[in-house]
file work.pdb (PDB, C-alpha atoms)
ATOM      1  CA  MET A   1       7.637  19.144 -15.096
ATOM      2  CA  TRP A   2       6.323  17.513 -11.941
ATOM      3  CA  LEU A   3       8.456  14.679 -10.560
ATOM      4  CA  ILE A   4       7.394  12.658  -7.575
ATOM      5  CA  THR A   5       9.522  10.797  -5.093
ATOM      6  CA  GLU A   6       9.319   7.051  -4.629
ATOM      7  CA  ALA A   7       7.624   7.615  -1.256
ATOM      8  CA  GLU A   8       4.973   9.785  -2.895
ATOM      9  CA  ALA A   9       4.442   7.184  -5.617
ATOM     10  CA  VAL A  10       3.992   4.462  -2.988
ATOM     11  CA  GLU A  11       1.439   6.627  -1.168
ATOM     12  CA  ILE A  12      -0.494   7.400  -4.365
ATOM     13  CA  TYR A  13      -0.550   3.795  -5.518
ATOM     14  CA  ALA A  14      -1.511   2.501  -2.068
ATOM     15  CA  ARG A  15      -4.541   4.802  -2.032
ATOM     16  CA  TYR A  16      -5.513   3.765  -5.562
ATOM     17  CA  PHE A  17      -5.024   0.056  -4.861
ATOM     18  CA  ALA A  18      -7.033   0.256  -1.614
ATOM     19  CA  ALA A  19      -9.889   2.031  -3.391
ATOM     20  CA  ARG A  20      -9.903  -0.518  -6.185
ATOM     21  CA  HIS A  21      -9.445  -3.736  -4.191
ATOM     22  CA  LYS A  22     -10.941  -2.780  -0.812
ATOM     23  CA  SER A  23     -10.304  -5.400   1.889
ATOM     24  CA  THR A  24      -8.066  -7.557  -0.326
ATOM     25  CA  ALA A  25      -5.739  -4.710  -1.348
ATOM     26  CA  SER A  26      -2.932  -5.419   1.109
ATOM     27  CA  GLN A  27      -2.824  -9.144   0.334
ATOM     28  CA  ARG A  28      -2.916  -8.492  -3.418
ATOM     29  CA  ALA A  29      -0.006  -6.069  -3.073
ATOM     30  CA  ARG A  30       1.981  -8.662  -1.082
ATOM     31  CA  ASP A  31       1.157 -11.323  -3.683
ATOM     32  CA  THR A  32       2.517  -8.993  -6.359
ATOM     33  CA  ALA A  33       5.643  -8.409  -4.248
ATOM     34  CA  ASN A  34       6.215 -12.148  -3.877
ATOM     35  CA  SER A  35       5.672 -12.735  -7.582
ATOM     36  CA  LEU A  36       8.253 -10.084  -8.436
ATOM     37  CA  GLN A  37      10.712 -11.548  -5.934
ATOM     38  CA  SER A  38      10.366 -14.991  -7.510
ATOM     39  CA  LYS A  39      11.261 -13.404 -10.867
ATOM     40  CA  GLY A  40      14.345 -11.769  -9.369
ATOM     41  CA  ASP A  41      12.953  -8.225  -9.195
ATOM     42  CA  LEU A  42      14.100  -7.295  -5.701
ATOM     43  CA  ASN A  43      13.367  -3.580  -6.072
ATOM     44  CA  GLY A  44       9.825  -4.354  -7.237
ATOM     45  CA  HIS A  45       9.448  -6.690  -4.271
ATOM     46  CA  LYS A  46      10.566  -3.939  -1.892
ATOM     47  CA  VAL A  47       8.276  -1.294  -3.380
ATOM     48  CA  TRP A  48       5.176  -3.507  -3.460
ATOM     49  CA  ASN A  49       5.742  -4.484   0.170
ATOM     50  CA  GLU A  50       5.918  -0.753   0.953
ATOM     51  CA  VAL A  51       2.593  -0.313  -0.859
ATOM     52  CA  ALA A  52       1.083  -3.114   1.249
ATOM     53  CA  ASP A  53       2.522  -1.637   4.462
ATOM     54  CA  THR A  54       1.036   1.750   3.567
ATOM     55  CA  ILE A  55      -2.370   0.189   2.884
ATOM     56  CA  ASP A  56      -2.219  -1.582   6.259
ATOM     57  CA  ARG A  57      -1.250   1.659   8.014
ATOM     58  CA  HIS A  58      -4.139   3.568   6.397
ATOM     59  CA  GLN A  59      -6.607   0.854   7.398
ATOM     60  CA  GLN A  60      -5.358   0.921  11.003
ATOM     61  CA  GLU A  61      -5.677   4.721  11.089
ATOM     62  CA  LYS A  62      -9.264   4.483   9.826
ATOM     63  CA  ARG A  63     -10.164   1.882  12.445
ATOM     64  CA  ARG A  64      -8.640   4.038  15.199
ATOM     65  CA  ALA A  65     -10.526   7.106  13.998
ATOM     66  CA  LEU A  66     -13.820   5.187  14.022
ATOM     67  CA  ARG A  67     -13.268   4.069  17.634
ATOM     68  CA  GLN A  68     -12.613   7.566  18.974
ATOM     69  CA  PRO A  69     -15.631   9.419  20.330
ATOM     70  CA  PRO A  70     -16.487  12.731  18.649
ATOM     71  CA  HIS A  71     -15.201  15.893  20.329
TER      72      HIS A  71
END
call {"tool": "encode", "arguments": {"input": "work.pdb", "output": "structure tokens"}}
result
Amino acid sequence: MWLITEAEAVEIYARYFAARHKSTASQRARDTANSLQSKGDLNGHKVWNEVADTIDRHQQEKRRALRQPPH
């Protein structure tokens, strides 16, 4: 049986969410986090913010890679 860590799950879901929602992915993930927080789900809030942070990091890495000249 294959078990993944929470960090791996965040990474997988961030990639999926970014592919599905494109430029609105990070904000949608943060909206989900805030919704969960308002319902008292603090762990869900934490995880969805991690998903949003991961999406933001991936987008920054892509922008940096596009700015670098080819070798």
call {"tool": "residues_around", "arguments": {"input": "work.pdb", "residues": "region 32-40 of chain A", "least_positions_apart": "3", "cutoff": "12 Å", "atoms": "all atoms listed in the file", "output": "VMD selection string"}}
result
chain A and resid 17 25 to 29 43 to 53
call {"tool": "atom_distance", "arguments": {"input": "work.pdb", "atom1": "CA of Ile55 (chain A)", "atom2": "CA of Ala14 (chain A)"}}
result
5.5 Å
call {"tool": "atom_distance", "arguments": {"input": "work.pdb", "atom1": "CA of Arg57 (chain A)", "atom2": "CA of Trp2 (chain A)"}}
result
26.6 Å
call {"tool": "atom_distance", "arguments": {"input": "work.pdb", "atom1": "CA of Ser23 (chain A)", "atom2": "CA of Arg67 (chain A)"}}
result
18.6 Å
